[in-house]
$ cat entry.cif   # mmCIF, C-alpha atoms; chains and numbers go by the auth columns
data_upload
loop_
_atom_site.group_PDB
_atom_site.id
_atom_site.type_symbol
_atom_site.label_atom_id
_atom_site.label_comp_id
_atom_site.label_asym_id
_atom_site.label_seq_id
_atom_site.Cartn_x
_atom_site.Cartn_y
_atom_site.Cartn_z
_atom_site.B_iso_or_equiv
_atom_site.auth_seq_id
_atom_site.auth_asym_id
ATOM 1 C CA MET A 1 -45.064 -21.601 58.991 0.00 1 N
ATOM 2 C CA ILE A 2 -46.000 -20.481 55.481 0.00 2 N
ATOM 3 C CA THR A 3 -46.643 -23.367 53.091 0.00 3 N
ATOM 4 C CA PRO A 4 -47.091 -22.113 49.505 0.00 4 N
ATOM 5 C CA LEU A 5 -49.065 -24.380 47.198 0.00 5 N
ATOM 6 C CA ARG A 6 -47.837 -24.584 43.627 0.00 6 N
ATOM 7 C CA ASP A 7 -48.568 -27.728 41.666 0.00 7 N
ATOM 8 C CA GLU A 8 -49.585 -28.745 38.148 0.00 8 N
ATOM 9 C CA ARG A 9 -52.558 -30.537 39.633 0.00 9 N
ATOM 10 C CA THR A 10 -55.773 -28.579 39.862 0.00 10 N
ATOM 11 C CA LEU A 11 -55.090 -26.026 42.568 0.00 11 N
ATOM 12 C CA VAL A 12 -58.459 -26.386 44.270 0.00 12 N
ATOM 13 C CA LEU A 13 -58.030 -30.162 44.622 0.00 13 N
ATOM 14 C CA LYS A 14 -54.508 -29.702 45.918 0.00 14 N
ATOM 15 C CA LEU A 15 -55.766 -27.205 48.451 0.00 15 N
ATOM 16 C CA ARG A 16 -58.572 -29.525 49.552 0.00 16 N
ATOM 17 C CA ASP A 17 -56.020 -32.269 50.215 0.00 17 N
ATOM 18 C CA ALA A 18 -53.776 -29.842 52.103 0.00 18 N
ATOM 19 C CA ILE A 19 -56.605 -28.745 54.400 0.00 19 N
ATOM 20 C CA THR A 20 -57.509 -32.387 55.001 0.00 20 N
ATOM 21 C CA ALA A 21 -53.883 -33.055 55.941 0.00 21 N
ATOM 22 C CA LEU A 22 -53.921 -30.000 58.194 0.00 22 N
ATOM 23 C CA ILE A 23 -56.919 -31.392 60.094 0.00 23 N
ATOM 24 C CA ASP A 24 -54.960 -34.568 60.730 0.00 24 N
ATOM 25 C CA GLU A 25 -51.715 -32.765 61.621 0.00 25 N
ATOM 26 C CA GLN A 26 -53.422 -30.507 64.141 0.00 26 N
ATOM 27 C CA GLY A 27 -55.388 -33.393 65.623 0.00 27 N
ATOM 28 C CA LEU A 28 -58.717 -31.690 65.028 0.00 28 N
ATOM 29 C CA LYS A 29 -61.655 -33.846 66.080 0.00 29 N
ATOM 30 C CA PRO A 30 -65.328 -33.838 65.050 0.00 30 N
ATOM 31 C CA GLY A 31 -66.872 -30.600 66.274 0.00 31 N
ATOM 32 C CA ASP A 32 -63.572 -28.672 66.340 0.00 32 N
ATOM 33 C CA GLN A 33 -63.475 -25.430 64.386 0.00 33 N
ATOM 34 C CA LEU A 34 -61.283 -25.005 61.314 0.00 34 N
ATOM 35 C CA PRO A 35 -58.833 -22.103 61.132 0.00 35 N
ATOM 36 C CA THR A 36 -60.436 -18.988 59.681 0.00 36 N
ATOM 37 C CA GLU A 37 -60.337 -18.142 55.979 0.00 37 N
ATOM 38 C CA ALA A 38 -57.775 -15.424 56.709 0.00 38 N
ATOM 39 C CA GLU A 39 -55.524 -17.926 58.534 0.00 39 N
ATOM 40 C CA LEU A 40 -55.800 -20.512 55.756 0.00 40 N
ATOM 41 C CA THR A 41 -55.145 -18.051 52.925 0.00 41 N
ATOM 42 C CA ARG A 42 -52.104 -16.771 54.804 0.00 42 N
ATOM 43 C CA LYS A 43 -50.786 -20.263 55.547 0.00 43 N
ATOM 44 C CA PHE A 44 -51.121 -21.570 52.000 0.00 44 N
ATOM 45 C CA GLN A 45 -50.571 -18.226 50.226 0.00 45 N
ATOM 46 C CA ILE A 46 -53.668 -18.775 48.167 0.00 46 N
ATOM 47 C CA SER A 47 -56.524 -16.582 46.946 0.00 47 N
ATOM 48 C CA ARG A 48 -59.755 -16.511 48.931 0.00 48 N
ATOM 49 C CA PRO A 49 -61.914 -17.632 45.943 0.00 49 N
ATOM 50 C CA ALA A 50 -59.729 -20.748 45.489 0.00 50 N
ATOM 51 C CA LEU A 51 -59.903 -21.446 49.224 0.00 51 N
ATOM 52 C CA ARG A 52 -63.690 -21.178 49.232 0.00 52 N
ATOM 53 C CA GLU A 53 -63.938 -23.599 46.307 0.00 53 N
ATOM 54 C CA ALA A 54 -61.778 -26.103 48.195 0.00 54 N
ATOM 55 C CA LEU A 55 -63.869 -25.679 51.349 0.00 55 N
ATOM 56 C CA LYS A 56 -67.023 -26.131 49.295 0.00 56 N
ATOM 57 C CA LEU A 57 -65.681 -29.458 48.008 0.00 57 N
ATOM 58 C CA MET A 58 -64.939 -30.560 51.554 0.00 58 N
ATOM 59 C CA GLU A 59 -68.446 -29.585 52.612 0.00 59 N
ATOM 60 C CA GLN A 60 -69.919 -31.570 49.704 0.00 60 N
ATOM 61 C CA ASP A 61 -67.774 -34.561 50.742 0.00 61 N
ATOM 62 C CA GLY A 62 -69.157 -34.280 54.266 0.00 62 N
ATOM 63 C CA ALA A 63 -65.719 -33.631 55.793 0.00 63 N
ATOM 64 C CA ILE A 64 -66.736 -30.260 57.235 0.00 64 N
ATOM 65 C CA TYR A 65 -69.964 -28.416 57.985 0.00 65 N
ATOM 66 C CA VAL A 66 -70.890 -24.753 58.347 0.00 66 N
ATOM 67 C CA LYS A 67 -72.501 -22.984 61.273 0.00 67 N
ATOM 68 C CA HIS A 68 -73.653 -19.700 59.841 0.00 68 N
ATOM 69 C CA GLY A 69 -72.130 -16.800 61.675 0.00 69 N
ATOM 70 C CA LYS A 70 -69.704 -19.049 63.542 0.00 70 N
ATOM 71 C CA GLY A 71 -67.476 -20.725 60.978 0.00 71 N
ATOM 72 C CA ARG A 72 -66.596 -24.146 59.598 0.00 72 N
ATOM 73 C CA PHE A 73 -66.249 -27.232 61.739 0.00 73 N
ATOM 74 C CA VAL A 74 -64.823 -30.746 61.353 0.00 74 N
ATOM 75 C CA SER A 75 -67.515 -33.381 60.829 0.00 75 N
ATOM 76 C CA ALA A 76 -67.507 -36.976 62.001 0.00 76 N
ATOM 77 C CA ALA A 77 -66.865 -38.095 58.399 0.00 77 N
ATOM 78 C CA ALA A 78 -63.428 -36.456 58.495 0.00 78 N
ATOM 79 C CA ALA A 79 -62.351 -39.078 61.033 0.00 79 N
ATOM 80 C CA LEU A 80 -63.313 -41.945 58.725 0.00 80 N
ATOM 81 C CA GLN A 81 -59.919 -42.460 57.135 0.00 81 N
ATOM 82 C CA VAL A 82 -58.961 -45.631 55.337 0.00 82 N
ATOM 83 C CA GLU A 83 -55.457 -46.977 54.935 0.00 83 N
ATOM 84 C CA ARG A 84 -55.679 -47.810 51.236 0.00 84 N
ATOM 85 C CA PRO A 85 -58.740 -46.125 49.674 0.00 85 N
ATOM 86 C CA ILE A 86 -59.907 -47.772 46.488 0.00 86 N
ATOM 87 C CA THR A 87 -60.966 -44.344 45.208 0.00 87 N
ATOM 88 C CA CYS A 88 -57.405 -42.976 45.360 0.00 88 N
ATOM 89 C CA PHE A 89 -55.876 -42.199 41.963 0.00 89 N
ATOM 90 C CA GLU A 90 -52.162 -42.954 41.964 0.00 90 N
ATOM 91 C CA SER A 91 -49.601 -44.888 39.995 0.00 91 N
ATOM 92 C CA VAL A 92 -49.080 -48.577 40.707 0.00 92 N
ATOM 93 C CA THR A 93 -45.536 -47.710 41.817 0.00 93 N
ATOM 94 C CA ASP A 94 -46.801 -45.159 44.352 0.00 94 N
ATOM 95 C CA MET A 95 -49.403 -47.634 45.585 0.00 95 N
ATOM 96 C CA LEU A 96 -46.715 -50.289 46.115 0.00 96 N
ATOM 97 C CA HIS A 97 -44.472 -47.852 47.965 0.00 97 N
ATOM 98 C CA LYS A 98 -47.322 -46.892 50.297 0.00 98 N
ATOM 99 C CA SER A 99 -47.909 -50.593 50.936 0.00 99 N
ATOM 100 C CA GLY A 100 -44.323 -50.916 52.150 0.00 100 N
ATOM 101 C CA TYR A 101 -42.807 -52.474 49.017 0.00 101 N
ATOM 102 C CA ARG A 102 -39.745 -51.367 47.075 0.00 102 N
ATOM 103 C CA PRO A 103 -40.679 -52.813 43.695 0.00 103 N
ATOM 104 C CA THR A 104 -38.720 -53.389 40.540 0.00 104 N
ATOM 105 C CA ASN A 105 -40.282 -53.510 37.088 0.00 105 N
ATOM 106 C CA ARG A 106 -39.688 -56.285 34.584 0.00 106 N
ATOM 107 C CA VAL A 107 -40.753 -55.451 31.035 0.00 107 N
ATOM 108 C CA LEU A 108 -42.188 -58.567 29.383 0.00 108 N
ATOM 109 C CA SER A 109 -43.087 -57.054 26.031 0.00 109 N
ATOM 110 C CA ILE A 110 -43.530 -53.764 24.215 0.00 110 N
ATOM 111 C CA SER A 111 -45.247 -53.524 20.847 0.00 111 N
ATOM 112 C CA GLU A 112 -47.378 -51.399 18.562 0.00 112 N
ATOM 113 C CA GLU A 113 -50.684 -52.765 17.317 0.00 113 N
ATOM 114 C CA VAL A 114 -54.131 -51.854 16.049 0.00 114 N
ATOM 115 C CA ALA A 115 -56.422 -51.190 18.983 0.00 115 N
ATOM 116 C CA SER A 116 -58.966 -53.900 19.759 0.00 116 N
ATOM 117 C CA ASP A 117 -62.606 -52.893 20.098 0.00 117 N
ATOM 118 C CA GLU A 118 -62.305 -52.885 23.883 0.00 118 N
ATOM 119 C CA VAL A 119 -59.210 -50.667 23.880 0.00 119 N
ATOM 120 C CA ARG A 120 -60.524 -48.405 21.126 0.00 120 N
ATOM 121 C CA GLU A 121 -63.745 -47.779 23.019 0.00 121 N
ATOM 122 C CA ALA A 122 -61.955 -47.083 26.306 0.00 122 N
ATOM 123 C CA LEU A 123 -59.505 -44.648 24.688 0.00 123 N
ATOM 124 C CA ARG A 124 -62.104 -43.137 22.318 0.00 124 N
ATOM 125 C CA LEU A 125 -60.034 -43.927 19.234 0.00 125 N
ATOM 126 C CA GLU A 126 -61.007 -44.133 15.598 0.00 126 N
ATOM 127 C CA GLN A 127 -61.310 -47.472 13.818 0.00 127 N
ATOM 128 C CA GLY A 128 -57.834 -48.715 12.897 0.00 128 N
ATOM 129 C CA ALA A 129 -56.036 -46.432 15.371 0.00 129 N
ATOM 130 C CA ARG A 130 -52.767 -47.789 16.711 0.00 130 N
ATOM 131 C CA VAL A 131 -51.735 -48.150 20.342 0.00 131 N
ATOM 132 C CA ILE A 132 -48.636 -49.030 22.317 0.00 132 N
ATOM 133 C CA ARG A 133 -49.063 -52.253 24.276 0.00 133 N
ATOM 134 C CA LEU A 134 -46.860 -52.508 27.379 0.00 134 N
ATOM 135 C CA GLU A 135 -46.734 -55.692 29.458 0.00 135 N
ATOM 136 C CA ARG A 136 -44.852 -55.665 32.773 0.00 136 N
ATOM 137 C CA LEU A 137 -44.423 -57.421 36.107 0.00 137 N
ATOM 138 C CA ARG A 138 -44.101 -55.446 39.339 0.00 138 N
ATOM 139 C CA MET A 139 -41.909 -57.422 41.704 0.00 139 N
ATOM 140 C CA GLN A 140 -40.570 -57.459 45.248 0.00 140 N
ATOM 141 C CA GLY A 141 -37.395 -59.479 44.967 0.00 141 N
ATOM 142 C CA ASP A 142 -38.381 -62.671 43.145 0.00 142 N
ATOM 143 C CA GLU A 143 -42.073 -62.391 44.018 0.00 143 N
ATOM 144 C CA VAL A 144 -44.498 -61.024 41.437 0.00 144 N
ATOM 145 C CA LEU A 145 -46.885 -58.565 43.066 0.00 145 N
ATOM 146 C CA VAL A 146 -48.762 -57.161 40.064 0.00 146 N
ATOM 147 C CA TYR A 147 -49.124 -58.152 36.423 0.00 147 N
ATOM 148 C CA CYS A 148 -49.726 -54.961 34.411 0.00 148 N
ATOM 149 C CA LEU A 149 -51.007 -54.488 30.886 0.00 149 N
ATOM 150 C CA ASP A 150 -51.142 -50.906 29.574 0.00 150 N
ATOM 151 C CA TYR A 151 -52.407 -49.501 26.277 0.00 151 N
ATOM 152 C CA ILE A 152 -51.418 -45.981 25.230 0.00 152 N
ATOM 153 C CA PRO A 153 -52.521 -44.167 22.051 0.00 153 N
ATOM 154 C CA ARG A 154 -49.582 -44.142 19.630 0.00 154 N
ATOM 155 C CA SER A 155 -50.282 -40.493 18.879 0.00 155 N
ATOM 156 C CA VAL A 156 -49.523 -39.561 22.491 0.00 156 N
ATOM 157 C CA ILE A 157 -45.983 -40.985 22.418 0.00 157 N
ATOM 158 C CA PRO A 158 -44.600 -40.657 18.869 0.00 158 N
ATOM 159 C CA ASP A 159 -41.009 -41.605 19.848 0.00 159 N
ATOM 160 C CA ARG A 160 -39.454 -44.835 18.605 0.00 160 N
ATOM 161 C CA LEU A 161 -40.481 -47.575 21.028 0.00 161 N
ATOM 162 C CA TYR A 162 -37.017 -48.957 21.601 0.00 162 N
ATOM 163 C CA ASP A 163 -35.556 -45.548 22.414 0.00 163 N
ATOM 164 C CA ILE A 164 -37.691 -45.422 25.564 0.00 164 N
ATOM 165 C CA ASP A 165 -36.928 -46.951 28.968 0.00 165 N
ATOM 166 C CA TRP A 166 -40.243 -48.682 29.671 0.00 166 N
ATOM 167 C CA SER A 167 -39.137 -49.941 33.083 0.00 167 N
ATOM 168 C CA GLY A 168 -39.776 -46.516 34.617 0.00 168 N
ATOM 169 C CA SER A 169 -42.974 -44.650 35.430 0.00 169 N
ATOM 170 C CA VAL A 170 -45.470 -44.471 32.562 0.00 170 N
ATOM 171 C CA LEU A 171 -47.116 -41.474 34.229 0.00 171 N
ATOM 172 C CA ASP A 172 -43.790 -39.611 34.240 0.00 172 N
ATOM 173 C CA LEU A 173 -43.266 -40.570 30.610 0.00 173 N
ATOM 174 C CA LEU A 174 -46.659 -39.167 29.689 0.00 174 N
ATOM 175 C CA GLU A 175 -45.893 -36.001 31.633 0.00 175 N
ATOM 176 C CA ARG A 176 -42.807 -35.461 29.473 0.00 176 N
ATOM 177 C CA HIS A 177 -45.149 -35.608 26.479 0.00 177 N
ATOM 178 C CA GLY A 178 -47.615 -33.174 28.068 0.00 178 N
ATOM 179 C CA SER A 179 -50.271 -35.813 28.792 0.00 179 N
ATOM 180 C CA ARG A 180 -49.930 -36.876 32.428 0.00 180 N
ATOM 181 C CA PRO A 181 -53.250 -38.292 33.697 0.00 181 N
ATOM 182 C CA ARG A 182 -54.813 -36.871 36.840 0.00 182 N
ATOM 183 C CA MET A 183 -57.969 -38.952 37.236 0.00 183 N
ATOM 184 C CA SER A 184 -59.505 -42.216 36.139 0.00 184 N
ATOM 185 C CA THR A 185 -62.528 -44.440 35.976 0.00 185 N
ATOM 186 C CA ALA A 186 -62.057 -48.008 37.130 0.00 186 N
ATOM 187 C CA VAL A 187 -63.803 -51.316 37.673 0.00 187 N
ATOM 188 C CA ALA A 188 -62.575 -53.808 40.280 0.00 188 N
ATOM 189 C CA THR A 189 -63.192 -57.539 40.042 0.00 189 N
ATOM 190 C CA SER A 190 -61.935 -60.739 41.615 0.00 190 N
ATOM 191 C CA THR A 191 -60.424 -63.116 39.068 0.00 191 N
ATOM 192 C CA LEU A 192 -57.444 -65.295 38.122 0.00 192 N
ATOM 193 C CA LEU A 193 -54.562 -64.472 35.823 0.00 193 N
ATOM 194 C CA PRO A 194 -55.300 -65.367 32.190 0.00 194 N
ATOM 195 C CA ASN A 195 -54.007 -68.873 31.459 0.00 195 N
ATOM 196 C CA ASP A 196 -51.605 -67.701 28.749 0.00 196 N
ATOM 197 C CA VAL A 197 -50.036 -65.180 31.135 0.00 197 N
ATOM 198 C CA SER A 198 -49.566 -67.840 33.816 0.00 198 N
ATOM 199 C CA GLU A 199 -48.044 -70.254 31.294 0.00 199 N
ATOM 200 C CA ARG A 200 -45.667 -67.780 29.662 0.00 200 N
ATOM 201 C CA ASN A 201 -44.371 -66.368 32.951 0.00 201 N
ATOM 202 C CA ASP A 202 -44.531 -69.417 35.240 0.00 202 N
ATOM 203 C CA LEU A 203 -47.056 -67.739 37.521 0.00 203 N
ATOM 204 C CA HIS A 204 -49.092 -70.807 38.464 0.00 204 N
ATOM 205 C CA ASP A 205 -48.739 -69.914 42.166 0.00 205 N
ATOM 206 C CA PHE A 206 -50.040 -66.347 41.712 0.00 206 N
ATOM 207 C CA GLY A 207 -53.428 -67.347 43.136 0.00 207 N
ATOM 208 C CA PRO A 208 -56.594 -65.220 43.122 0.00 208 N
ATOM 209 C CA ALA A 209 -56.096 -61.734 41.712 0.00 209 N
ATOM 210 C CA PHE A 210 -57.725 -58.394 42.341 0.00 210 N
ATOM 211 C CA LEU A 211 -58.128 -56.932 38.851 0.00 211 N
ATOM 212 C CA ILE A 212 -58.453 -53.178 38.393 0.00 212 N
ATOM 213 C CA THR A 213 -59.446 -52.248 34.847 0.00 213 N
ATOM 214 C CA GLU A 214 -58.827 -48.535 34.517 0.00 214 N
ATOM 215 C CA THR A 215 -58.939 -45.709 31.990 0.00 215 N
ATOM 216 C CA THR A 216 -56.927 -42.640 32.956 0.00 216 N
ATOM 217 C CA PHE A 217 -57.581 -39.102 31.762 0.00 217 N
ATOM 218 C CA THR A 218 -55.718 -35.800 31.506 0.00 218 N
ATOM 219 C CA PRO A 219 -57.212 -32.789 33.340 0.00 219 N
ATOM 220 C CA THR A 220 -59.017 -31.880 30.100 0.00 220 N
ATOM 221 C CA GLY A 221 -60.662 -35.316 29.895 0.00 221 N
ATOM 222 C CA ILE A 222 -58.495 -36.933 27.203 0.00 222 N
ATOM 223 C CA PRO A 223 -58.025 -40.692 27.821 0.00 223 N
ATOM 224 C CA VAL A 224 -54.342 -41.655 27.668 0.00 224 N
ATOM 225 C CA ILE A 225 -54.033 -45.107 29.285 0.00 225 N
ATOM 226 C CA PHE A 226 -56.240 -48.161 29.318 0.00 226 N
ATOM 227 C CA ALA A 227 -54.826 -50.536 31.924 0.00 227 N
ATOM 228 C CA LYS A 228 -55.483 -53.951 33.389 0.00 228 N
ATOM 229 C CA ASP A 229 -53.590 -54.496 36.636 0.00 229 N
ATOM 230 C CA TYR A 230 -53.803 -57.895 38.329 0.00 230 N
ATOM 231 C CA HIS A 231 -52.841 -57.497 42.004 0.00 231 N
ATOM 232 C CA ARG A 232 -51.804 -60.630 43.876 0.00 232 N
ATOM 233 C CA GLY A 233 -54.772 -61.235 46.164 0.00 233 N
ATOM 234 C CA SER A 234 -52.665 -62.504 49.049 0.00 234 N
ATOM 235 C CA ARG A 235 -50.649 -59.280 49.188 0.00 235 N
ATOM 236 C CA PHE A 236 -53.204 -56.500 48.748 0.00 236 N
ATOM 237 C CA SER A 237 -56.432 -55.262 50.236 0.00 237 N
ATOM 238 C CA PHE A 238 -58.387 -52.123 49.413 0.00 238 N
ATOM 239 C CA SER A 239 -60.747 -50.218 51.668 0.00 239 N
ATOM 240 C CA PHE A 240 -63.438 -47.596 51.354 0.00 240 N
ATOM 241 C CA VAL A 241 -65.805 -45.400 53.321 0.00 241 N
ATOM 242 C CA ARG A 242 -69.568 -45.575 52.787 0.00 242 N
ATOM 243 C CA LYS A 243 -71.602 -42.512 53.671 0.00 243 N
#
$ encode --input "entry.cif" --output "structure tokens"
Amino acid sequence: MITPLRDERTLVLKLRDAITALIDEQGLKPGDQLPTEAELTRKFQISRPALREALKLMEQDGAIYVKHGKGRFVSAAAALQVERPITCFESVTDMLHKSGYRPTNRVLSISEEVASDEVREALRLEQGARVIRLERLRMQGDEVLVYCLDYIPRSVIPDRLYDIDWSGSVLDLLERHGSRPRMSTAVATSTLLPNDVSERNDLHDFGPAFLITETTFTPTGIPVIFAKDYHRGSRFSFSFVRK
């Protein structure tokens, strides 16, 4: 079956993920040989240089190894898959869906303000630059799963704030403005909800939170969101591979 790869995401990264999925689909185990370059280029309808770049990334990640003159083989690291990798870049909505939830979004507030020093530094803004501040709850029924606080440079979304449906995907909104993020840097900490947030939203039973403070970037390295997402500790866990 021919599976053409066409995506706005960097093609090499997309191809790397597709080959990783292929290893899983075909049940390849450590020591098994990958399909040949000719087979992979034919399957994904991709150029050989792009394929080799993707395979090089997989080799650097330790997922495959090369036996010169024989081909590429699946390494033991390829079998070390985690259910919810903390290194995975995805929207909060996608993360919730993969965790089995069907969330709804409740917008608490939307405003425009001068960026604080913390936000300005994260988004690399000039002194006095303005940002959009979006405060939301991600919910499953009546239960709050995540408290989200996003800051977006005002210059990225020049539309009038109240003409926008902020209950939808912020990533999709940014894509419509040509600035969808594809990667991020993040710091994870264990904490509690800020007292004022708990008081204003009657979230005294939220309990310990897993806070991910994240700055997202476009493929060209432009920061477009500074976010603080407080995940309810009793509902989420994150995993990782060490190698």
$ atom_distance --input "entry.cif" --atom1 "CA of Ala188 in chain N" --atom2 "CA of Thr213 in chain N"
6.5 Å
$ residues_around --input "entry.cif" --residues "Thr191 in chain N" --least-positions-apart "4" --cutoff "12 Å" --atoms "all atoms listed in the file" --output "list in words"
Asn195, Phe206, Gly207, Pro208, Ala209, Phe210, Leu211, Ile212, Thr213, Lys228, Asp229, Tyr230, His231, Arg232 and Gly233 of chain N
$ resolve_selection --input "entry.cif" --expression "the PyMOL selection byres ((chain N and resi 173) around 12)" --output "PyMOL selection string"
chain N and resi 152+156-159+164-172+174-181+224-225
$ closest_residue --input "entry.cif" --among "N:Leu145, N:Leu34, N:Leu11, N:Ala76" --to "Asn105 in chain N" --atoms "only C-alpha atoms"
N:Leu145
$ residues_around --input "entry.cif" --residues "Val74 in chain N" --least-positions-apart "3" --cutoff "10 Å" --atoms "only C-alpha atoms" --output "ChimeraX atom specification"
/N:20,23,28-34,58-59,62-66,77-79
$ residues_around --input "entry.cif" --residues "Met139 in chain N" --least-positions-apart "3" --cutoff "7 Å" --atoms "all atoms listed in the file" --output "short mmCIF file (atom, residue, chain, number, x, y, z; two decimals) with C-alpha atoms, in the coordinates of the input"
data_model
loop_
_atom_site.label_atom_id
_atom_site.label_comp_id
_atom_site.auth_asym_id
_atom_site.auth_seq_id
_atom_site.Cartn_x
_atom_site.Cartn_y
_atom_site.Cartn_z
CA PRO N 103 -40.68 -52.81 43.70
CA THR N 104 -38.72 -53.39 40.54
CA ASN N 105 -40.28 -53.51 37.09
CA ASP N 142 -38.38 -62.67 43.14
CA GLU N 143 -42.07 -62.39 44.02
CA VAL N 144 -44.50 -61.02 41.44
CA LEU N 145 -46.88 -58.56 43.07
#
$ build_atoms --input "entry.cif" --residues "range 137-159 of chain N" --atoms "N, CA and C atoms" --output "PDB file, in the frame of the given file"
ATOM      1  N   LEU N 137     -44.233 -56.835  34.783  1.00  0.00           N
ATOM      2  CA  LEU N 137     -44.423 -57.421  36.107  1.00  0.00           C
ATOM      3  C   LEU N 137     -43.859 -56.456  37.136  1.00  0.00           C
ATOM      4  N   ARG N 138     -44.610 -56.225  38.208  1.00  0.00           N
ATOM      5  CA  ARG N 138     -44.101 -55.446  39.339  1.00  0.00           C
ATOM      6  C   ARG N 138     -43.712 -56.444  40.415  1.00  0.00           C
ATOM      7  N   MET N 139     -42.452 -56.371  40.864  1.00  0.00           N
ATOM      8  CA  MET N 139     -41.909 -57.422  41.704  1.00  0.00           C
ATOM      9  C   MET N 139     -41.266 -56.870  42.967  1.00  0.00           C
ATOM     10  N   GLN N 140     -41.330 -57.708  44.024  1.00  0.00           N
ATOM     11  CA  GLN N 140     -40.570 -57.459  45.248  1.00  0.00           C
ATOM     12  C   GLN N 140     -39.605 -58.621  45.362  1.00  0.00           C
ATOM     13  N   GLY N 141     -38.343 -58.378  45.042  1.00  0.00           N
ATOM     14  CA  GLY N 141     -37.395 -59.479  44.967  1.00  0.00           C
ATOM     15  C   GLY N 141     -37.795 -60.410  43.833  1.00  0.00           C
ATOM     16  N   ASP N 142     -37.977 -61.686  44.156  1.00  0.00           N
ATOM     17  CA  ASP N 142     -38.381 -62.671  43.145  1.00  0.00           C
ATOM     18  C   ASP N 142     -39.892 -62.870  43.092  1.00  0.00           C
ATOM     19  N   GLU N 143     -40.626 -62.195  43.968  1.00  0.00           N
ATOM     20  CA  GLU N 143     -42.073 -62.391  44.018  1.00  0.00           C
ATOM     21  C   GLU N 143     -42.795 -61.389  43.123  1.00  0.00           C
ATOM     22  N   VAL N 144     -43.689 -61.891  42.293  1.00  0.00           N
ATOM     23  CA  VAL N 144     -44.498 -61.024  41.437  1.00  0.00           C
ATOM     24  C   VAL N 144     -45.679 -60.509  42.246  1.00  0.00           C
ATOM     25  N   LEU N 145     -45.790 -59.186  42.328  1.00  0.00           N
ATOM     26  CA  LEU N 145     -46.885 -58.565  43.066  1.00  0.00           C
ATOM     27  C   LEU N 145     -48.052 -58.178  42.164  1.00  0.00           C
ATOM     28  N   VAL N 146     -47.729 -57.643  40.982  1.00  0.00           N
ATOM     29  CA  VAL N 146     -48.762 -57.161  40.064  1.00  0.00           C
ATOM     30  C   VAL N 146     -48.353 -57.486  38.626  1.00  0.00           C
ATOM     31  N   TYR N 147     -49.295 -58.003  37.870  1.00  0.00           N
ATOM     32  CA  TYR N 147     -49.124 -58.152  36.423  1.00  0.00           C
ATOM     33  C   TYR N 147     -49.874 -56.993  35.777  1.00  0.00           C
ATOM     34  N   CYS N 148     -49.162 -56.195  34.972  1.00  0.00           N
ATOM     35  CA  CYS N 148     -49.726 -54.961  34.411  1.00  0.00           C
ATOM     36  C   CYS N 148     -49.740 -55.005  32.888  1.00  0.00           C
ATOM     37  N   LEU N 149     -50.857 -54.594  32.330  1.00  0.00           N
ATOM     38  CA  LEU N 149     -51.007 -54.488  30.886  1.00  0.00           C
ATOM     39  C   LEU N 149     -51.560 -53.102  30.580  1.00  0.00           C
ATOM     40  N   ASP N 150     -50.758 -52.285  29.878  1.00  0.00           N
ATOM     41  CA  ASP N 150     -51.142 -50.906  29.574  1.00  0.00           C
ATOM     42  C   ASP N 150     -51.247 -50.703  28.070  1.00  0.00           C
ATOM     43  N   TYR N 151     -52.244 -49.909  27.671  1.00  0.00           N
ATOM     44  CA  TYR N 151     -52.407 -49.501  26.277  1.00  0.00           C
ATOM     45  C   TYR N 151     -52.405 -47.976  26.222  1.00  0.00           C
ATOM     46  N   ILE N 152     -51.569 -47.427  25.349  1.00  0.00           N
ATOM     47  CA  ILE N 152     -51.418 -45.981  25.230  1.00  0.00           C
ATOM     48  C   ILE N 152     -51.584 -45.596  23.764  1.00  0.00           C
ATOM     49  N   PRO N 153     -52.388 -44.580  23.454  1.00  0.00           N
ATOM     50  CA  PRO N 153     -52.521 -44.167  22.051  1.00  0.00           C
ATOM     51  C   PRO N 153     -51.155 -43.839  21.450  1.00  0.00           C
ATOM     52  N   ARG N 154     -50.891 -44.371  20.272  1.00  0.00           N
ATOM     53  CA  ARG N 154     -49.582 -44.142  19.630  1.00  0.00           C
ATOM     54  C   ARG N 154     -49.346 -42.665  19.391  1.00  0.00           C
ATOM     55  N   SER N 155     -50.410 -41.926  19.162  1.00  0.00           N
ATOM     56  CA  SER N 155     -50.282 -40.493  18.879  1.00  0.00           C
ATOM     57  C   SER N 155     -49.775 -39.709  20.083  1.00  0.00           C
ATOM     58  N   VAL N 156     -49.947 -40.263  21.279  1.00  0.00           N
ATOM     59  CA  VAL N 156     -49.523 -39.561  22.491  1.00  0.00           C
ATOM     60  C   VAL N 156     -48.014 -39.643  22.668  1.00  0.00           C
ATOM     61  N   ILE N 157     -47.434 -40.789  22.309  1.00  0.00           N
ATOM     62  CA  ILE N 157     -45.983 -40.985  22.418  1.00  0.00           C
ATOM     63  C   ILE N 157     -45.451 -41.354  21.041  1.00  0.00           C
ATOM     64  N   PRO N 158     -45.039 -40.380  20.246  1.00  0.00           N
ATOM     65  CA  PRO N 158     -44.600 -40.657  18.869  1.00  0.00           C
ATOM     66  C   PRO N 158     -43.154 -41.152  18.765  1.00  0.00           C
ATOM     67  N   ASP N 159     -42.405 -41.181  19.885  1.00  0.00           N
ATOM     68  CA  ASP N 159     -41.009 -41.605  19.848  1.00  0.00           C
ATOM     69  C   ASP N 159     -40.889 -43.069  19.408  1.00  0.00           C
TER      70      ASP N 159
END
